[in-house]
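Engineer: The structure that follows is given in the form of structure tokens.
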Amino acid sequence: MLRRNAWVLALLCVVTLMACAEDVLAPLPTAALVAPTIPPSPSVVTPSHPLPTVTLSPRPSATPVATTDVPIVTFDLVLSGGTLIDGTGGPPLSNAVVAIRGDRIAAVGPAGTIPIAPGTPTRDLGGKTVLPGFINAHAHTSMLSDQALKVWTRAGITTVRDLSGPRDAIIARRNALAASADATLPRLLVAGPMVTVPGGHPIPIYGLSDSVLTVQGPDDARTKITALLDAGVDVIKIAVSGRSDVDWPELSNEEIGAITATARARDVPIAAHVDRAVALRRAVENGITDAAHMPRDRMSDELIALMVERDVALVPTIAVYEALAEERGDAAAWRRTTLPVMQSNLRRFVEAGGRLALGDDFGNPRVDLGMPWAEIDHWLDAGLAPMQIIVAATHGGAVVCNLEDQLGTIEPGKLADILVVDGDPLADIRVLERVAFVVRGGEVIPGEE
Ligand SMILES: [Zn+2]
């Protein structure tokens, strides 16, 4: 009951607060899929892509090999006999062993290739599938209690990227979660306030608040972005709308360029709210690292090629447009006119080798906590395969969070964030609902409380 009350509160906040100041209103178009290994383009105006930031503990030593003269290595937990989908997009490995030491994955391989000391805690995962913890690359969490955040973790989403909230409060929340001994809490990455111009999106919708930061001119932009970076944000979120049906001011190319150069110099990624392809193009040309929405109009093949060349990822959030259309009462028209455009954008982006990440813009009305099924269903309808969706939700998310060296795949040295499901999600992605257990930072999280 307590819990139910907390939910009602959280929902109220979602609707009334501005947690999501960002995207509401504009239906955005679609995007592309994840190709795990697209190198950054050296010819981009801005510094090269991989933007490592987060400092986590050092990686442990390498995978042990099964030879007679190698001593048996001790592990804290061994997952044995399941099918491994490691997040890279490579073929699944059946009868796999994943060995964990501390908060890290220590060894991965076929059964029988990793010597395991007698008495090592082991879980037999016959019939189950082992995947990296999923990443929600676009959400708003300020209104959620810790208890509510656990809904994500229990669904297998071990990392959540919050794309706008009050700077100091959300950084403090992130730090508190990171310091908590409770592994049932997800990792949080935060942008702090969304950066825009006076009167720009999302101000006409939500008004001014501490979740919005306005800049005027490139010098002001550099100063304010530097202050955000100094405060410790994990990502910069900017608003570039592109809407022609309203008369809102927008960040200039010079301002976008100043923001992205300042962030890239500190290896911090830049996500852009975009509403139309024209805005997406300006944002890409001026140095963003990912688009937080699909534009709602057609992305040209040239724009898609530019994104692939510069390795600018796409977090489509198609479902939030649908949710907002339902909220407005014109979902039928949206499905008839806008959805096909977004699905075409998504298909063509994926076919071109674009990098996708999964996010749902939680915080908006009618967006459910947990696995973003509404979004996944749109991707399936667009023709994506379960493996493409899984790679987007794992490796793709890690790349847009600039945590590719820590998360997103099951490989020795990475953080042990793992989702185990009962069945084969490649045969039926709904198997992802059948969560056997989740591991976060090497700890098996307890069941429903
Ligand atoms: Zn958002």
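Starting from 1 in every chain, residues are counted up; chains themselves are A, B, ... following the order of the structure tokens, and ligands are numbered from 1 as listed.
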What's around segment 151-161 of chain A at 6 Å? Count only C-alpha atoms, leave out sequence neighbours fewer than 6 positions away in its own chain, and write the answer as a ChimeraX atom specification.
Structural biologist: /A:133-138,186-190,370-371,419,438
Engineer: Mind writing the picked residues with C-alpha atoms as a compact mmCIF listing (two decimals), in the first residue's frame?
Structural biologist:
```txt
# COMPACT_ATOMS: atom_id res chain seq x y z
CA GLY A 133 22.70 -5.45 -18.02
CA PHE A 134 20.53 -3.18 -20.19
CA ILE A 135 20.97 0.59 -20.35
CA ASN A 136 18.12 3.09 -20.61
CA ALA A 137 19.82 5.90 -22.51
CA HIS A 138 17.03 8.46 -22.13
CA PRO A 186 20.61 1.17 -10.80
CA ARG A 187 23.66 3.12 -11.86
CA LEU A 188 22.65 6.65 -12.75
CA LEU A 189 24.33 8.97 -15.24
CA VAL A 190 23.17 12.56 -15.28
CA GLY A 370 10.87 -0.98 -16.43
CA MET A 371 11.84 -2.57 -19.72
CA LEU A 419 20.71 -10.05 -16.90
CA VAL A 438 20.02 -9.74 -12.27
```
Engineer: Write out as an MDAnalysis selection string each polymer residue whose atoms come within 12 Å of Leu346 of chain A, counting only C-alpha atoms; drop sequence neighbours fewer than 6 positions from it.
Structural biologist: chainID A and resid 28:34 293:301 304 313:318 339:340 352:357 375 378:384 388:389
Engineer: If we count only C-alpha atoms, what is near Asn253 of chain A at a cut-off of 9 Å, once residues fewer than 3 positions away on the same chain are taken out, given as a PyMOL selection string?
Structural biologist: chain A and resi 256-258+282-283+285-286
Engineer: Please save all heavy atoms of the selected residues as an mmCIF file, in the first residue's frame.
Structural biologist:
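Output file selection_39.cif is given in full below:
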```
data_model
loop_
_atom_site.group_PDB
_atom_site.id
_atom_site.type_symbol
_atom_site.label_atom_id
_atom_site.label_comp_id
_atom_site.auth_asym_id
_atom_site.auth_seq_id
_atom_site.Cartn_x
_atom_site.Cartn_y
_atom_site.Cartn_z
ATOM 1 N N ILE A 256 26.109 25.851 -30.480
ATOM 2 C CA ILE A 256 26.199 24.379 -30.410
ATOM 3 C C ILE A 256 27.664 23.953 -30.516
ATOM 4 O O ILE A 256 28.147 23.110 -29.754
ATOM 5 C CB ILE A 256 25.373 23.708 -31.526
ATOM 6 C CG1 ILE A 256 23.894 24.065 -31.403
ATOM 7 C CG2 ILE A 256 25.555 22.187 -31.484
ATOM 8 C CD1 ILE A 256 23.043 23.609 -32.590
ATOM 9 N N GLY A 257 28.375 24.576 -31.454
ATOM 10 C CA GLY A 257 29.783 24.221 -31.636
ATOM 11 C C GLY A 257 30.620 24.519 -30.397
ATOM 12 O O GLY A 257 31.501 23.736 -30.019
ATOM 13 N N ALA A 258 30.339 25.637 -29.734
ATOM 14 C CA ALA A 258 31.083 25.984 -28.512
ATOM 15 C C ALA A 258 30.786 24.982 -27.400
ATOM 16 O O ALA A 258 31.678 24.561 -26.659
ATOM 17 C CB ALA A 258 30.706 27.401 -28.065
ATOM 18 N N ARG A 282 21.772 20.060 -38.002
ATOM 19 C CA ARG A 282 22.583 21.121 -37.380
ATOM 20 C C ARG A 282 23.345 20.594 -36.168
ATOM 21 O O ARG A 282 24.496 20.940 -35.937
ATOM 22 C CB ARG A 282 21.676 22.278 -36.924
ATOM 23 C CG ARG A 282 21.160 23.138 -38.042
ATOM 24 C CD ARG A 282 20.958 24.592 -37.593
ATOM 25 N NE ARG A 282 20.023 24.742 -36.486
ATOM 26 C CZ ARG A 282 20.324 25.370 -35.364
ATOM 27 N NH1 ARG A 282 21.527 25.883 -35.174
ATOM 28 N NH2 ARG A 282 19.417 25.496 -34.404
ATOM 29 N N ALA A 283 22.663 19.763 -35.411
ATOM 30 C CA ALA A 283 23.303 19.228 -34.203
ATOM 31 C C ALA A 283 24.466 18.303 -34.576
ATOM 32 O O ALA A 283 25.539 18.355 -33.972
ATOM 33 C CB ALA A 283 22.271 18.489 -33.360
ATOM 34 N N GLU A 285 26.170 18.273 -37.449
ATOM 35 C CA GLU A 285 27.243 19.037 -38.103
ATOM 36 C C GLU A 285 28.077 19.810 -37.089
ATOM 37 O O GLU A 285 29.242 20.118 -37.336
ATOM 38 C CB GLU A 285 26.649 20.003 -39.141
ATOM 39 C CG GLU A 285 26.139 19.295 -40.388
ATOM 40 C CD GLU A 285 25.447 20.234 -41.354
ATOM 41 O OE1 GLU A 285 25.049 21.351 -40.927
ATOM 42 O OE2 GLU A 285 25.274 19.850 -42.529
ATOM 43 N N ASN A 286 27.461 20.107 -35.941
ATOM 44 C CA ASN A 286 28.171 20.920 -34.955
ATOM 45 C C ASN A 286 28.634 20.144 -33.734
ATOM 46 O O ASN A 286 28.940 20.733 -32.699
ATOM 47 C CB ASN A 286 27.320 22.128 -34.582
ATOM 48 C CG ASN A 286 27.257 23.131 -35.725
ATOM 49 O OD1 ASN A 286 28.214 23.846 -35.993
ATOM 50 N ND2 ASN A 286 26.138 23.142 -36.455
#
```
Engineer: For the structure I just gave you, how does DSSP split segment 388-440 of chain A - specifically, which residues are strand (DSSP E)? Reply as JSON, numbers by chain.
Structural biologist: {"A": [418, 419, 420, 421, 422, 435, 436, 437, 438, 439, 440]}
Engineer: Store the residues of this selection in a file with N, CA, C and O atoms, as a tab-separated table (two decimals), in the first residue's frame.
Structural biologist:
```
chain	number	residue	atom	x	y	z
A	418	ILE	N	24.70	-7.96	-15.22
A	418	ILE	CA	24.27	-9.12	-16.01
A	418	ILE	C	22.77	-9.36	-15.82
A	418	ILE	O	22.26	-9.27	-14.71
A	419	LEU	N	22.13	-9.68	-16.92
A	419	LEU	CA	20.71	-10.05	-16.90
A	419	LEU	C	20.60	-11.52	-17.32
A	419	LEU	O	21.12	-11.90	-18.37
A	420	VAL	N	19.93	-12.31	-16.51
A	420	VAL	CA	19.73	-13.72	-16.85
A	420	VAL	C	18.23	-13.95	-17.03
A	420	VAL	O	17.44	-13.62	-16.14
A	421	VAL	N	17.86	-14.46	-18.19
A	421	VAL	CA	16.45	-14.71	-18.47
A	421	VAL	C	16.22	-16.18	-18.77
A	421	VAL	O	17.14	-16.90	-19.18
A	422	ASP	N	14.98	-16.59	-18.61
A	422	ASP	CA	14.63	-18.00	-18.76
A	422	ASP	C	14.12	-18.24	-20.18
A	422	ASP	O	12.98	-17.93	-20.49
A	435	VAL	N	12.66	-12.73	-16.26
A	435	VAL	CA	13.93	-12.48	-15.57
A	435	VAL	C	14.16	-13.56	-14.51
A	435	VAL	O	13.33	-13.76	-13.63
A	436	ALA	N	15.29	-14.26	-14.64
A	436	ALA	CA	15.65	-15.24	-13.62
A	436	ALA	C	16.31	-14.51	-12.45
A	436	ALA	O	15.93	-14.67	-11.29
A	437	PHE	N	17.31	-13.72	-12.76
A	437	PHE	CA	17.92	-12.84	-11.77
A	437	PHE	C	18.79	-11.83	-12.49
A	437	PHE	O	19.05	-11.95	-13.69
A	438	VAL	N	19.19	-10.82	-11.73
A	438	VAL	CA	20.02	-9.74	-12.27
A	438	VAL	C	21.25	-9.62	-11.37
A	438	VAL	O	21.16	-9.80	-10.15
A	439	VAL	N	22.38	-9.35	-11.99
A	439	VAL	CA	23.60	-9.09	-11.22
A	439	VAL	C	23.99	-7.64	-11.50
A	439	VAL	O	24.00	-7.21	-12.65
A	440	ARG	N	24.27	-6.89	-10.43
A	440	ARG	CA	24.74	-5.52	-10.64
A	440	ARG	C	26.01	-5.33	-9.85
A	440	ARG	O	26.05	-5.55	-8.64
```
Engineer: Quick one, how far is atom CA of Glu255 of chain A from atom CA of Leu229 of chain A?
Structural biologist: 16.4 Å
Engineer: What's around segment 74-76 of chain A at 9 Å? Count only C-alpha atoms, leave out sequence neighbours fewer than 2 positions away in its own chain, and write the answer as a list in words.
Structural biologist: Ile72, Val78, Ala99, Ile100, Arg101, Gly102, Ala106, Pro115, Ile116, Ala117, Thr120, Pro121, Thr122 and Gly442 of chain A
Engineer: Between A:Pro386, A:Gly126, A:Pro91, A:Gly192, single out the one closest to ligand 1, counting only C-alpha atoms and all ligand atoms.
Structural biologist: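 Ranking A:Pro386, A:Gly126, A:Pro91, A:Gly192 by distance to ligand 1, first place goes to A:Gly192.
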Engineer: What is the distance, in Å and to one decimal place, between atom CA of Ser142 of chain A and atom CA of Gly408 of chain A?
Structural biologist: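 Separation between atom CA of Ser142 of chain A and atom CA of Gly408 of chain A: 24.2 Å.
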Engineer: Using only C-alpha atoms and all ligand atoms, pick whichever of A:Arg348, A:Arg335, A:Arg266, A:His140 has the shortest atom-to-atom distance to ligand 1.
Structural biologist: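 Of A:Arg348, A:Arg335, A:Arg266, A:His140, the one nearest ligand 1 is A:His140, counting only C-alpha atoms and all ligand atoms.
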Engineer: When you count only C-alpha atoms, which of these residues is closest to Ser164 of chain A: A:Gly363, A:Gly397, A:Pro372, A:Pro249?
Structural biologist: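 Closest residue, counting only C-alpha atoms: A:Gly363.
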Engineer: Check the smallest atom-to-atom distance from each of A:Lys414, A:Lys237, A:Arg347, A:Arg173 to ligand 1 using only C-alpha atoms and all ligand atoms, then report the winner.
Structural biologist: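 With only C-alpha atoms and all ligand atoms as the atom set, the closest residue is A:Lys237.
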Engineer: Using only C-alpha atoms and all ligand atoms, which of A:Val444, A:Ala265, A:Val399, A:Val274 sits nearest ligand 1?
Structural biologist: A:Val274
Engineer: Report as a ChimeraX atom specification: the residues of segment 226-270 of chain A with a DSSP assignment of helix (DSSP H, G or I), based on the backbone of this structure.
Structural biologist: /A:226-231,253-264
Engineer: For Thr260 of chain A, work out the shell of residues within 8 Å, counting only C-alpha atoms and skipping chain neighbours fewer than 5 positions away, then give it as a ChimeraX atom specification.
Structural biologist: /A:46,270,286-288
